[in-house]
Each structure stands twice: as structure tokens, then as C-alpha cells.
file protein.cif (mmCIF, C-alpha atoms)
data_run
#
loop_
_atom_site.label_atom_id
_atom_site.label_comp_id
_atom_site.auth_asym_id
_atom_site.auth_seq_id
_atom_site.Cartn_x
_atom_site.Cartn_y
_atom_site.Cartn_z
CA MET A 215 2.40 -15.41 24.10
CA LYS A 216 2.79 -12.91 21.27
CA VAL A 217 0.59 -10.88 18.93
CA TYR A 218 1.58 -10.71 15.26
CA PHE A 219 0.25 -7.76 13.28
CA ILE A 220 0.24 -9.23 9.79
CA GLY A 221 -0.21 -7.31 6.57
CA ALA A 222 -2.73 -9.36 4.61
CA GLY A 223 -1.99 -7.50 1.39
CA PRO A 224 -4.50 -5.73 -0.86
CA GLY A 225 -6.97 -8.57 -1.25
CA ALA A 226 -5.77 -11.52 -3.31
CA ALA A 227 -5.17 -14.46 -0.98
CA ASP A 228 -1.79 -15.24 -2.53
CA LEU A 229 -0.40 -11.72 -2.05
CA ILE A 230 0.28 -12.28 1.65
CA THR A 231 3.99 -12.70 2.39
CA LEU A 232 5.50 -16.12 3.09
CA ARG A 233 6.24 -15.04 6.65
CA GLY A 234 2.71 -13.79 7.14
CA SER A 235 1.22 -17.00 5.78
CA ARG A 236 3.44 -19.13 8.01
CA LEU A 237 2.56 -17.20 11.17
CA LEU A 238 -1.13 -17.15 10.26
CA GLY A 239 -1.05 -20.90 9.78
CA ALA A 240 0.45 -21.42 13.23
CA ALA A 241 -1.69 -19.06 15.34
CA PRO A 242 -4.42 -20.62 17.51
CA MET A 243 -6.34 -17.31 17.58
CA VAL A 244 -6.89 -15.02 14.59
CA LEU A 245 -8.40 -11.53 14.52
CA TYR A 246 -9.07 -10.12 11.06
CA ALA A 247 -10.71 -7.03 9.62
CA GLY A 248 -13.56 -8.71 7.76
CA SER A 249 -14.71 -5.48 6.11
CA LEU A 250 -11.39 -5.19 4.25
CA VAL A 251 -9.75 -8.63 4.33
CA PRO A 252 -11.43 -11.24 2.10
CA ALA A 253 -12.59 -14.51 3.68
CA GLU A 254 -10.32 -16.37 1.24
CA MET A 255 -7.36 -15.12 3.25
CA LEU A 256 -8.49 -17.37 6.11
CA SER A 257 -7.50 -20.40 4.02
CA HIS A 258 -4.02 -19.84 5.43
CA CYS A 259 -5.28 -20.45 9.00
CA ARG A 260 -4.95 -23.74 10.80
CA PRO A 261 -8.17 -25.81 10.79
CA ASP A 262 -8.80 -25.43 14.52
CA ALA A 263 -8.04 -21.70 14.74
CA GLU A 264 -10.39 -19.51 16.76
CA ILE A 265 -11.32 -16.74 14.33
CA HIS A 266 -12.89 -13.36 15.13
CA ASP A 267 -14.07 -10.70 12.67
CA THR A 268 -13.02 -7.36 14.21
CA ALA A 269 -15.42 -5.41 11.97
CA GLU A 270 -18.02 -6.33 14.59
CA LEU A 271 -15.83 -5.50 17.61
CA ASN A 272 -14.83 -2.25 19.27
CA LEU A 273 -11.35 -1.76 20.72
CA ASP A 274 -12.35 -2.81 24.25
CA GLN A 275 -13.78 -6.06 22.91
CA GLN A 276 -10.60 -6.72 20.96
CA GLU A 277 -8.54 -6.05 24.09
CA ALA A 278 -10.64 -8.62 25.95
CA LEU A 279 -9.61 -11.22 23.37
CA TYR A 280 -5.95 -10.26 23.80
CA ARG A 281 -6.34 -10.59 27.56
CA ARG A 282 -7.88 -14.04 27.22
CA ALA A 283 -5.17 -15.17 24.82
CA GLN A 284 -2.59 -13.93 27.33
CA ALA A 285 -4.23 -15.90 30.14
CA GLU A 286 -4.31 -19.01 27.95
CA ASP A 287 -0.78 -18.40 26.61
CA LYS A 288 -1.93 -18.39 22.99
CA ASP A 289 -0.30 -16.49 20.14
CA VAL A 290 -2.59 -14.20 18.16
CA ALA A 291 -2.43 -13.36 14.45
CA ARG A 292 -3.97 -9.94 13.88
CA LEU A 293 -4.69 -9.55 10.15
CA HIS A 294 -4.83 -6.04 8.72
CA SER A 295 -5.47 -5.15 5.09
CA GLY A 296 -2.53 -3.97 3.00
CA ASP A 297 0.43 -3.06 5.15
CA PRO A 298 -0.15 -2.38 8.87
CA ALA A 299 1.95 0.78 8.72
CA ILE A 300 -0.48 2.57 6.38
CA TYR A 301 -3.90 3.47 7.82
CA GLY A 302 -3.74 0.26 9.85
CA ALA A 303 -5.26 1.50 13.14
CA THR A 304 -2.57 -0.53 14.87
CA ASN A 305 -1.07 2.16 17.10
CA GLU A 306 -3.90 2.12 19.63
CA GLN A 307 -3.76 -1.67 19.81
CA MET A 308 -0.02 -1.65 20.36
CA ARG A 309 -0.30 0.84 23.21
CA ARG A 310 -2.83 -1.39 24.94
CA LEU A 311 -0.66 -4.46 24.43
CA GLU A 312 2.29 -2.62 25.95
CA ALA A 313 0.17 -1.72 28.97
CA LEU A 314 -0.77 -5.39 29.34
CA GLY A 315 2.84 -6.53 28.99
CA ILE A 316 2.08 -8.45 25.79
CA ALA A 317 4.84 -8.70 23.20
CA TYR A 318 4.01 -7.97 19.56
CA GLU A 319 5.66 -8.08 16.15
CA VAL A 320 4.75 -6.43 12.86
CA VAL A 321 4.89 -8.39 9.61
CA PRO A 322 4.77 -6.02 6.61
CA GLY A 323 2.45 -6.62 3.70
CA VAL A 324 1.79 -5.49 0.14
CA SER A 325 -0.04 -2.16 0.13
CA SER A 326 -3.07 -1.51 -2.05
CA PHE A 327 -1.28 1.43 -3.68
CA THR A 328 1.40 -0.88 -5.09
CA ALA A 329 -1.29 -3.38 -6.11
CA ALA A 330 -3.08 -0.53 -7.89
CA ALA A 331 0.13 0.38 -9.75
CA ALA A 332 0.49 -3.27 -10.74
CA ALA A 333 -3.09 -3.32 -12.03
CA LEU A 334 -2.26 -0.29 -14.17
CA GLY A 335 1.06 -1.71 -15.32
CA SER A 336 2.63 1.56 -14.25
CA GLU A 337 5.79 2.63 -12.49
CA LEU A 338 4.97 5.43 -10.07
CA THR A 339 8.42 7.03 -10.30
CA ARG A 340 10.00 7.94 -13.64
CA PRO A 341 13.24 9.81 -14.45
CA GLU A 342 12.78 13.55 -14.93
CA VAL A 343 9.01 13.16 -14.36
CA SER A 344 8.47 12.27 -10.71
CA GLN A 345 10.77 10.80 -8.12
CA SER A 346 8.35 11.17 -5.22
CA ILE A 347 5.12 9.44 -4.23
CA ILE A 348 2.65 11.15 -1.93
CA LEU A 349 0.37 8.79 -0.01
CA THR A 350 -2.62 10.53 1.50
CA ARG A 351 -6.35 10.17 1.99
CA THR A 352 -9.53 12.15 2.16
CA SER A 353 -11.08 12.93 5.53
CA GLY A 354 -13.54 10.44 6.96
CA ARG A 355 -15.78 10.10 9.98
CA ALA A 356 -13.27 7.91 11.84
CA SER A 357 -10.44 10.45 11.58
CA ALA A 358 -9.94 13.76 9.84
CA VAL A 359 -6.90 14.71 7.80
CA PRO A 360 -4.96 17.63 9.35
CA GLU A 361 -5.45 20.94 7.54
CA THR A 362 -1.70 21.15 6.93
CA GLU A 363 -1.95 17.94 4.88
CA SER A 364 -4.69 18.98 2.50
CA ILE A 365 -4.79 17.43 -0.95
CA ALA A 366 -4.62 20.92 -2.46
CA SER A 367 -1.34 21.67 -0.67
CA PHE A 368 0.20 18.35 -1.67
CA ALA A 369 -0.92 18.87 -5.27
CA ALA A 370 1.38 21.89 -5.49
CA HIS A 371 4.33 19.48 -5.75
CA ARG A 372 2.82 17.77 -8.82
CA ALA A 373 4.46 14.52 -7.76
CA THR A 374 2.73 11.17 -8.15
CA MET A 375 -0.14 11.04 -5.68
CA CYS A 376 -2.03 8.00 -4.41
CA ILE A 377 -5.19 9.07 -2.61
CA PHE A 378 -6.91 6.51 -0.40
CA LEU A 379 -10.66 6.61 0.38
CA SER A 380 -11.13 8.99 -2.53
CA GLY A 381 -14.37 7.61 -3.95
CA GLN A 382 -16.76 9.29 -1.53
CA ARG A 383 -15.28 12.75 -2.16
CA LEU A 384 -14.34 12.39 -5.78
CA LYS A 385 -15.63 15.76 -7.00
CA GLN A 386 -13.91 17.74 -4.26
CA THR A 387 -10.71 15.74 -4.67
CA VAL A 388 -10.59 16.48 -8.40
CA ALA A 389 -11.26 20.15 -7.69
CA ASP A 390 -8.38 20.28 -5.21
CA LEU A 391 -6.01 18.52 -7.59
CA SER A 392 -7.01 20.82 -10.44
CA LEU A 393 -5.61 23.80 -8.56
CA HIS A 394 -2.13 22.65 -9.57
CA TYR A 395 -2.23 19.69 -12.01
CA PRO A 396 -3.08 20.50 -15.67
CA PRO A 397 -6.35 19.06 -17.06
CA ASP A 398 -4.44 16.60 -19.27
CA THR A 399 -2.64 15.01 -16.30
CA PRO A 400 -3.12 11.21 -16.34
CA VAL A 401 -5.32 9.81 -13.57
CA ALA A 402 -6.64 6.38 -12.67
CA LEU A 403 -9.30 5.02 -10.37
CA VAL A 404 -8.64 1.54 -9.00
CA ARG A 405 -11.32 -0.15 -6.92
CA ARG A 406 -10.60 -3.30 -4.88
CA ALA A 407 -7.12 -3.77 -6.32
CA SER A 408 -6.23 -7.46 -6.78
CA TRP A 409 -9.73 -8.70 -5.78
CA PRO A 410 -11.66 -10.84 -8.32
CA ASP A 411 -14.02 -7.90 -8.98
CA GLN A 412 -11.24 -5.31 -9.38
CA SER A 413 -12.23 -2.24 -11.42
CA VAL A 414 -9.90 0.17 -13.23
CA HIS A 415 -10.64 3.40 -15.05
CA ARG A 416 -7.93 5.45 -16.77
CA SER A 417 -8.50 9.02 -17.85
CA THR A 418 -7.22 12.55 -17.45
CA LEU A 419 -7.94 14.92 -14.62
CA GLY A 420 -10.12 17.14 -16.78
CA LYS A 421 -12.27 14.35 -18.23
CA MET A 422 -12.63 11.73 -15.49
CA LEU A 423 -15.72 13.07 -13.70
CA SER A 424 -17.68 13.15 -16.96
CA GLU A 425 -16.81 9.51 -17.65
CA VAL A 426 -17.67 7.76 -14.37
CA LYS A 427 -20.55 7.47 -11.93
CA GLN A 428 -19.38 8.27 -8.42
CA LYS A 429 -21.68 5.64 -6.91
CA ASP A 430 -19.63 2.95 -8.66
CA TRP A 431 -16.44 4.03 -6.86
CA LEU A 432 -17.56 4.75 -3.30
CA LEU A 433 -15.66 2.10 -1.34
CA THR A 434 -12.07 0.76 -1.32
CA THR A 435 -11.09 3.09 -4.16
CA LEU A 436 -7.70 4.62 -4.83
CA LEU A 437 -7.21 7.66 -7.04
CA LEU A 438 -3.77 7.90 -8.63
CA VAL A 439 -2.63 11.04 -10.39
CA GLY A 440 0.59 12.25 -12.01
CA GLU A 441 2.57 12.37 -15.23
CA ALA A 442 4.32 9.14 -14.23
CA LEU A 443 1.10 7.30 -15.17
CA SER A 444 1.47 8.35 -18.81
CA ARG A 445 1.80 5.53 -21.34
CA GLU A 446 4.03 7.68 -23.51
CA GLY A 447 7.75 7.05 -23.63
CA GLY A 448 10.10 9.21 -21.61
CA VAL A 449 13.69 9.47 -20.52
CA GLU A 450 15.19 6.09 -19.69
CA SER A 451 16.92 5.54 -16.37
CA SER A 452 20.71 5.57 -16.54
CA LEU A 453 20.88 2.56 -14.24
CA TYR A 454 21.14 0.01 -17.04
CA ALA A 455 22.64 2.28 -19.71
CA ALA A 456 25.67 0.75 -21.45
CA GLY A 457 27.91 3.63 -20.43
CA PHE A 458 26.82 3.78 -16.80
CA THR A 459 29.30 2.29 -14.32
CA HIS A 460 28.91 1.25 -10.71
CA ILE A 461 30.58 -1.18 -8.32
CA PHE A 462 28.75 -4.16 -9.82
CA ARG A 463 29.17 -3.38 -13.54
CA ASP A 464 31.72 -1.68 -15.78
CA GLY A 465 30.45 0.61 -18.52
CA ASP A 466 31.54 0.21 -22.13
CA ALA A 467 34.18 2.95 -21.87
CA ARG A 468 35.77 1.40 -18.77
CA LYS A 469 35.76 -2.06 -20.39
CA THR A 470 37.50 -0.67 -23.49
CA LYS A 471 40.11 1.12 -21.40
CA ARG A 472 40.76 -1.98 -19.29
CA ALA A 473 41.12 -4.19 -22.40
CA SER A 474 43.58 -1.68 -23.86
CA LEU A 475 45.68 -1.70 -20.69
CA GLN A 476 45.71 -5.50 -20.66
CA LYS A 477 47.02 -5.55 -24.24
CA GLU A 478 49.74 -3.06 -23.35
CA ASN A 479 50.80 -5.15 -20.35
CA GLN A 480 50.90 -8.31 -22.45
CA ALA A 481 53.04 -6.59 -25.03
#

call {"tool": "encode", "arguments": {"input": "protein.cif", "output": "C-alpha cells"}}
result
Amino acid sequence: MKVYFIGAGPGAADLITLRGSRLLGAAPMVLYAGSLVPAEMLSHCRPDAEIHDTAELNLDQQEALYRRAQAEDKDVARLHSGDPAIYGATNEQMRRLEALGIAYEVVPGVSSFTAAAAALGSELTRPEVSQSIILTRTSGRASAVPETESIASFAAHRATMCIFLSGQRLKQTVADLSLHYPPDTPVALVRRASWPDQSVHRSTLGKMLSEVKQKDWLLTTLLLVGEALSREGGVESSLYAAGFTHIFRDGDARKTKRASLQKENQA
């Protein structure tokens, strides 16, 4: 018996990995976070799977299901939104499984922050603009963000930031970001990335609050900020430049030199 923590991806049913889909289709018992994972994702399950929505269950109740699956020698697919490694609330489950002697495996998934970048058609890292991505969130009732990881302190780096759960504290988040990012810094709100009702709003840090109604962005919203989101052209990466050489490709200068040496040898 084994528990598989599977990243369901950001929402779209076809953004689960092939491995995740295969394991989900084989598991006789499935636990999924119904508040964040769309019901369409259950189309990957086998027809006779026993399915439980964990949005209605506390941790003790979930453990009881793991115990029963262990007694019945049944594998369990535990579906988490996005990737289980990011705000997945998997650690406490894993510790309980270890105490019960139940083996588990993690299957990574597509995170909502990469789905948000895809929705924007943006690369989050750009040469000489930003080579770092800060993933963080605003504090919530379930767990607070440590004071040493405040949005204001991260903003000092002026790297690309992806802020989860930002909708409910949008005004304060913008105020914290404005301590370091200029008003014309590109920002974007992405709600329910990859879902059929996905919403996107592009703006600048100084203008965004005057353009949106906070009530429209309360849940499952990501705020992205940074110069990397700019649509304007910038410095191109050297990776594919004609003169750039690496072990897989000769640059133009090296090709010319090698051709010259070959001619000399033939002569």
C-alpha cells in the first residue's frame, strides 16, 4: 500500500502530468482538495474509485481514511492543487504516514505561478532585468507569514515576485511593494489560472488599484510584479547568439577558424 501525493496542476484537467494521470487512474481510493481542484480532474480516475473531497475533512478524518486504506491494502492518490511542494499542506500528512509506517511518493505538478506566466505570455526571468523569482504569499488565517519574510522586505530586491493569496489584501500588498518598486513597474493579476473562467488584468503598480474592484479578485488570485513582465524589448540572451559557443554548438568564429584549419591541412 502506498500514498501518492499528486500535483493536479493549476486547474485545467489536461495540465496534470502523464505520471500523475496514470497513477490517478490506477488508485482505488482518491482524496482531492475540492475547494482548489476542479471536478473535471476526476475524469482521470478509474470508474470504481472511492473518492473523498478533503475540503470537508479535517486532518484526523483524512488519517482515518489512510488507516483504512492501509488495512485494506489499497493505494491512495492524494490530489493537491498546483505542485505539492508549494503551499501544499503535505508535510503534516507525511509525518502522520511515517508514524503509521505507510510509504508515500510525491509526483510534481505544474504550479499556478507558471500557469499565470503562460496566461500572460511572459517569461519571468530576462537578461539584465531579473534572474530571480520570489514566490511568497500574504498572511492568512490558516498560517501567518514570518515577519522576516514580509513582502516589503522581499520587494527591496526588485526581482520578479509572484504573490499567492494576494486578492484579499490587495491594498496593503501594493503599499508594501511601492516601498521599493517604482509606480511604472508592470504588474498583473491572474485569477484561476488555466480554469475556463480565468481572469487577467495587466497594469502598473501605480495604477492597478484604481482600475480594479478588489471584490472581483478575492480568491485564487496571483499578483505578479517586476520589470520582466514588460512587453518592451530588452537585451537578448546570449544562449542562441551566433557567436556564442558551448559544448553542443560552435559559434561563427570557431566555425570559420576550423574551416580555415581544414583548408590548410588539405593543402

call {"tool": "atom_distance", "arguments": {"input": "protein.cif", "atom1": "atom CA of Ala253 of chain A", "atom2": "atom CA of Val426 of chain A"}}
result
29.1 Å

call {"tool": "residues_near_point", "arguments": {"input": "protein.cif", "point": "(-6.5, 15.8, -15.8)", "cutoff": "7 Å", "atoms": "only C-alpha atoms", "output": "number ranges by chain"}}
result
A: 395-401, 418-421

call {"tool": "atom_distance", "arguments": {"input": "protein.cif", "atom1": "atom CA of Leu229 of chain A", "atom2": "atom CA of Glu277 of chain A"}}
result
28.0 Å

call {"tool": "closest_residue", "arguments": {"input": "protein.cif", "among": "A:Thr231, A:Pro261, A:Val244, A:Val439", "to": "Ser380 of chain A", "atoms": "only C-alpha atoms"}}
result
A:Val439

call {"tool": "closest_residue", "arguments": {"input": "protein.cif", "among": "A:Gln386, A:Gln307, A:Asn272, A:Ser344", "to": "Ile365 of chain A", "atoms": "all atoms listed in the file"}}
result
A:Gln386

call {"tool": "resolve_selection", "arguments": {"input": "protein.cif", "expression": "the PyMOL selection byres ((chain A and resi 314) around 12)", "output": "list of chain:residue names"}}
result
A:Met215, A:Lys216, A:Val217, A:Glu277, A:Ala278, A:Tyr280, A:Arg281, A:Arg282, A:Ala283, A:Gln284, A:Ala285, A:Gln307, A:Met308, A:Arg309, A:Arg310, A:Leu311, A:Glu312, A:Ala313, A:Gly315, A:Ile316, A:Ala317, A:Tyr318

call {"tool": "closest_residue", "arguments": {"input": "protein.cif", "among": "A:Arg383, A:Arg236, A:Arg416, A:Arg372", "to": "Leu334 of chain A", "atoms": "all atoms listed in the file"}}
result
A:Arg416

call {"tool": "closest_residue", "arguments": {"input": "protein.cif", "among": "A:Val251, A:Ala442, A:Leu393, A:Ala330", "to": "Leu293 of chain A", "atoms": "all atoms listed in the file"}}
result
A:Val251

call {"tool": "atom_distance", "arguments": {"input": "protein.cif", "atom1": "atom CA of Leu238 of chain A", "atom2": "atom CA of Leu433 of chain A"}}
result
26.8 Å

call {"tool": "closest_residue", "arguments": {"input": "protein.cif", "among": "A:Ile300, A:Leu384, A:Ile230, A:Val414", "to": "Gly335 of chain A", "atoms": "only C-alpha atoms"}}
result
A:Val414

call {"tool": "axis_aligned_box", "arguments": {"input": "protein.cif", "around": "segment 327-343 of chain A", "padding_each_side": "5 Å", "output": "JSON"}}
result
{"center_x": 5.1, "center_y": 5.1, "center_z": -9.5, "size_x": 26.3, "size_y": 26.9, "size_z": 21.6}

call {"tool": "residues_around", "arguments": {"input": "protein.cif", "residues": "Glu337 of chain A", "least_positions_apart": "2", "cutoff": "10 Å", "atoms": "all atoms listed in the file", "output": "PDB file with C-alpha atoms, in the coordinates of the input"}}
result
ATOM      1  CA  THR A 328       1.400  -0.880  -5.090  1.00  0.00           C
ATOM      2  CA  ALA A 331       0.130   0.380  -9.750  1.00  0.00           C
ATOM      3  CA  ALA A 332       0.490  -3.270 -10.740  1.00  0.00           C
ATOM      4  CA  LEU A 334      -2.260  -0.290 -14.170  1.00  0.00           C
ATOM      5  CA  GLY A 335       1.060  -1.710 -15.320  1.00  0.00           C
ATOM      6  CA  THR A 339       8.420   7.030 -10.300  1.00  0.00           C
ATOM      7  CA  ARG A 340      10.000   7.940 -13.640  1.00  0.00           C
ATOM      8  CA  ALA A 442       4.320   9.140 -14.230  1.00  0.00           C
ATOM      9  CA  LEU A 443       1.100   7.300 -15.170  1.00  0.00           C
ATOM     10  CA  SER A 444       1.470   8.350 -18.810  1.00  0.00           C
TER      11      SER A 444
END

call {"tool": "resolve_selection", "arguments": {"input": "protein.cif", "expression": "the PyMOL selection byres ((chain A and resi 436) around 10)", "output": "list in words"}}
result
Ser326, Phe327, Ala330, Arg351, Met375, Cys376, Ile377, Phe378, Leu379, Ser380, Gly381, Ala402, Leu403, Val404, Arg405, Arg406, Ala407, Val414, Trp431, Leu432, Leu433, Thr434, Thr435, Leu437, Leu438 and Val439 of chain A
